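Visitor: Pasting a structure here, questions to come.
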Amino acid sequence: MSVDRPTLSVRNLEKKVALGRETIHILRGVSFDLGHGEMVALMGPSGSGKSTLLGIVSGLDSPTAGEVILDGDDIGRLSERHLSSLRARKVGMVFQSYNLIPTLTALENVQLPLYVPGRNGHDPERAAQLLSDVGLGHRLGHRPSQLSGGEQQRVAVARALVSDPPLLVADEPTGNLDTETGAALVSLLLDLRKRHGTTILVATHNNDVAHLADRVLRMRDGRLVTS
Amino acid sequence: MTFWLRYILRSLSRGRRRVFFALICISVGVGSVVALQTATLTVQNALTSNVRAANGGDVSVSSDATPLSARDLGVFRRLQSQGRITQWTAVYSLHATSVGDNHRLVPFDMQVVAPTYPIGGQPTFVSPANATVGGLLQRPGDVLVTSVLADEMGIGLGSRIFVHTIGGRGLHATVRGILAETSFEHAAVMTVHQRDAAALTSAPPHYSSIYANTSDSVGIGALLSSRFPTANVQTVQQALDTARQQVHDFQQFMLLVGLMALLVAGIGILNAMQSMLAFRRLEIAMLKAIGYRRRTLYGLFSGEAVLIGFLGGVAGTLLGALTSKVITDALAKALAIQVQFTLDPGTLIGGVALGVGATLVFAVLPIVRAAAFRPLELLREGQGMPTRALPQTLGLLVLVLLLFGGLAAAIMGDLLLAVEFVGSAFIAFAILAGAFAVIVGLVARLGPPKSMPIALGILVVLTIVSILTIVRAPALAALLILVTILWAATVLLPAAGLLPLLVAARSLSRRRARTSITLVAFLVGVLAMSITLTVALGLRGQINAALAAAGSTNLVALTGPADQPAIAASSRHLPGIRSRSVATIIQTVPVAINGRSVSAVLGAVSTPANSDDAEPRFLSGVNGLDLRSSQRPTAIALSSGRLLGPQDAGTAHAIVPSALEDAPWSLQLGDRVTLSESGTSSRATIQIVGFYERSRSRRGFGSFFTAPIFADRALTVALGGTDTQWVTSDTVAQSNLTSDATRLQAAVPGALVINIGDLTAVVDTILNELLNLLAVITALALGAGLAVVGNGVALSMLERRREIALFKAVGFGPRNVMQFVLVENALAGTLAGAVSVLMVVVTLGLISHFALTQAIGFDPVVAVLVLVAATVLAVATAYLAARSAVRIRPLEALRNE
Ligand SMILES: Nc1ncnc2c1ncn2[C@@H]1O[C@H](COP(=O)(O)OP(=O)(O)OP(=O)(O)O)[C@@H](O)[C@H]1O
Ligand SMILES: [Mg+2]
């Protein structure tokens, strides 16, 4: 991949959590770069620190030490207020459980990021467009409880992309889906990357997903290991 | 905007059960305030609408301590002839007694009125409606009574009674009208036409009140004040101000009760909002992950709170309007006043605003907490909430307090009072919640005993201690027995039988913070109930017993000189007589001190003329002692000088209250005070040989029948002549008291016999009125408390859906689950009941120790009643709240959440 400036650049990332008197060292010096439009799979045994890493790069959590530069912003130095706005503009997130808002329809769920105060100027048509891109053009008015797991996850993907973020972070997005539906979701991700040029970081236990990625990062005990 | 409105509406409709519980709490809280406000406004109208009639006219002059003589009335005649007053009328009062339809000898005041009375407009009649004084007092013996007196004597319209006054022949009276109370004074007064005066007294009239109408109230008021410096002169405006002030104080008190209910209900609001938002925590975390800031979320959740508050405010206002009629009637009965019920639109609008305000105030804590949910939870789902920082929670509590204080200040219009109330309520709540947290923690530790012998040993000790306390403190024993039973259950029951108890205790302690504050809310209601029950069942008899034992004198007979021999003869032969003493009393006004006129003495020290200290009550009467036969005043302690002895017989030596040593009087030993007898106007000069203080501990009812100055009897007889009052104080065996009192009164119709050992009639009416008030307070407090308990149970049911589903998945039936819930709440209810019993026991102990000579114990019956009622109420509320929750299908609950 030709990269001038990486979309995401992680250097010597450390994360420690105090649990009572003990300190748990979750991330021990993680460094990597993600180039523009790259799709990278993050693999590793359970408890190796994948979710923790994703939390930090998406601005939900803060590192103990190290540097995370997302599209030119140093995440480690941002206040909570700026982190909020960073999440609104630069990161889309997809989780293992779909985390849709049960009281809102599919369309409204996708529109949600557009209503963050100070974020106007977005095309309201875009939400509907994205939903039909993920194959749910006919389910706009349905509530999450009326959709299957796979459909809910596709709504979540549409929501993650609605503000056109440079980075999409997904934590085991296929974890709750059967193999076929999972595969369909991944090809959807690849398709979207092609269309929008989004950089994608996806944590997974699923080898099929890893095969489709441009690159695989492997984690063990809080470190990246060379594969 | 419409997007968010839709979001808010849908969130509320999804959380509708929780919203419903919040609405109940808001309605109860708002309803209490609206109802009490309406009720007090109605009372205010009743007391201030007819204030001119209550004042008797444009200007009233009243002088109870030093009544005016017939000669003093010349001023009014002159003013009328000058055209400065248009009308005037004088009223004089007499002490009287009578046996009512309830066969009790009741003391009261009798006011004798002229045909011109009333000049300030007709008083308000309870019955007959729209009557006039002149229309009712047409034939000899026609009288009017206040509703308080009617209650005390158990009489009504048409009742015939025989009235005794000092030196009178006795009057056969017929009750023609019942007057409404015009103030909070609870006056037991009978009004009679002056044509009947001859039957009541032969003494020259001592006028206690004169009423005048004038267009120049202020000028005439000032003139009369300077003419009668010791009298209380009041214009209609001043009367109105006084009435307003009285109502204001009363209103503040009732509003405090309402605020208390609101505070209790606030706990429910807080719980419901907390539960509602906690339920949505993943959703909230998602909003934050997407990039929403806290401020936006505050706005969003506040929007929900405002909507809930508005609905609750409307419901509460309706509820309040409906119940205010009932409360108003109860209050009117308690205060013995006539009211006209009206709903004030301002109060109704205020109620809706209060609903919004109170909900926002109590939602602050849950909203701030909810907005702080970390989005990271999305990644670590199921790990539970991160533990919140204690300082933040405390800070929020302080914020809630400040806001509630602001709300209270807005409602009461009194910042200081609001701050005091909120501050002390918070401290009390904090202490109680802390205590409950500890107790609940301890109860949760209950379990099968590790060592059977030790457990059995404790059980034996507990049993013995409980049995021993039954004799000493039965109410405490009830609590100890409860603890013993609980302990016995854990020790002796097989594990399977113990399960509900253990599950219950653990569930209580798991949500310890909420359990504790819910218990405090419930406690407020239970405590109100305990107090009401204590008053209703226990206190009445005990107060009477305490009164009976307080002084040795239990029967007093007041007579003029003519009837004194008859009383002396009759009381000597009373079957129950134990001891007897006789004193004389005359009423006096100080005229000069060491030759200087009193007004010059008082004027020199520039004290406001009507101030309490300048009041001449310390010189307003002389007690005549039989010094020759060494009679001594009782229940006093000499502070300087010497007591009077046989050597003072025939002299003008006197001892006076030590308060006279202070400014503005500044009297010293050896000073000479010239007194004028109120009726005869004859004068004498006494010389001070000692100052005394009344001994506090022995201040009984007997001291009402003494005057401030003590001197030789000869002096009083010489001054008072036929005006002299003879006071015969008897000590009679308790068992003979009632019959001896009526016997003595019947033997001497011209005497005033007062049975101070049995003021049952008076105590009863006061207690009944207190009970009415307490019943209102109890209903509100208990209602709010129960709403919070129901709310708490229902919320914990919603939050424990998974747990309940699991219980059912492993094979428990809905009955078993319900059993867990009921045992849990029985435990909580009993706990609240026990703590409230303990508090009442301690309070009563303190009162008996510091304020009364006689101990007032706590009735064990009340203790048991409170425990049972608290438990039953908690269990019943829990049953209603949990009924549908235990029927959930396990599959549904386990899949959904
Ligand atoms: N807030 C925390 N407190 C304590 N320990 C934590 C915390 N966050 C993460 N950990 C620990 O850090 C380690 C890494 O957790 P993480 O969730 O990142 O693993 P993971 O690689 O995502 O595992 P999985 O594949 O099972 O999702 C685990 O041992 C976890 O217990
Ligand atoms: Mg993980």
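Labeling convention for the structure tokens: chains A, B, ... as they appear, residues from 1 per chain, ligands from 1 in order of appearance.
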So which residues are near ligand 2, meaning at most 10 Å away with only C-alpha atoms and all ligand atoms counted, given back as a ChimeraX atom specification?
Guide: /A:44-55,95-96,171-172,203-205 /B:379-381
Visitor: Show me, as a ChimeraX atom specification, the residues of chain A whose atoms get within 9 Å of chain B, using only C-alpha atoms for the distance check.
Guide: /A:51-52,54-55,58-61,80-81,83-89,91-93,95-97,99-104,108,112-113,115-117,160,171
Visitor: For the atom pair CA of Val732 (chain B) and CA of Leu555 (chain B), what is the interatomic distance in Å to one decimal place?
Guide: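 Pair CA of Val732 (chain B) / CA of Leu555 (chain B) returns 7.0 Å.
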Visitor: Taking only C-alpha atoms and all ligand atoms into account, name the residue in A:Thr226, A:Asn206, A:Ser163, A:Thr198 that is nearest to ligand 1.
Guide: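 Selected residue with least distance to ligand 1: A:Asn206.
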Visitor: Do you have the CA of Ser127 (chain B)-CA of Val247 (chain B) distance handy?
Guide: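 Straight-line distance from CA of Ser127 (chain B) to CA of Val247 (chain B) works out to 24.0 Å.
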Visitor: Excluding region 398-412 of chain B and its own-chain neighbours fewer than 5 positions away, which residues fall within 12 Å of it when counting only C-alpha atoms? Please give them as a ChimeraX atom specification.
Guide: /B:30,33-34,36-37,248-260,262-264,266-267,270,347,350-351,353-368,391-393,417-427,429-430
Visitor: In region 100-147 of chain B, what's strand (DSSP E or B) per DSSP? Answer as a ChimeraX atom specification?
Guide: /B:105-113,125-127,142-146
Visitor: If you run DSSP on this backbone, which residues of region 658-733 of chain B come out as alpha helix (DSSP H), and could you give them as a VMD selection string?
Guide: chain B and resid 713 to 720
Visitor: Which neighbours of region 40-46 of chain B fall inside 10 Å, counting only C-alpha atoms, when residues of the same chain fewer than 3 positions from it are skipped, and could you give them as a PyMOL selection string?
Guide: chain B and resi 34-37+49-51+124+180-183+243-244+246-248+250-255+324-325+327-329+331-332+335+337-344+347
Visitor: Please list as number ranges by chain every residue within 7 Å of Pro6 (chain A), counting only C-alpha atoms and excluding residues in the same chain fewer than 6 positions away.
Guide: A: 33-36
Visitor: Which residue gives the smallest distance to Leu179 (chain B) among B:Asn130, B:Thr843, B:Ser202, B:Ser678, with only C-alpha atoms counted?
Guide: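 Closest to Leu179 (chain B) of all the choices is B:Asn130.
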Visitor: With a distance cut-off of 9 Å and only C-alpha atoms, select the neighbouring residues of Val440 (chain B), excluding the residue or stretch itself and same-chain residues fewer than 4 positions from it, and output the selection as a list in words.
Guide: Ala435, Phe436, Ala444, Arg445, Ala505, Arg506, Leu508, Ser509, Arg512, Thr515, Ser516, Ala828 and Leu831 of chain B
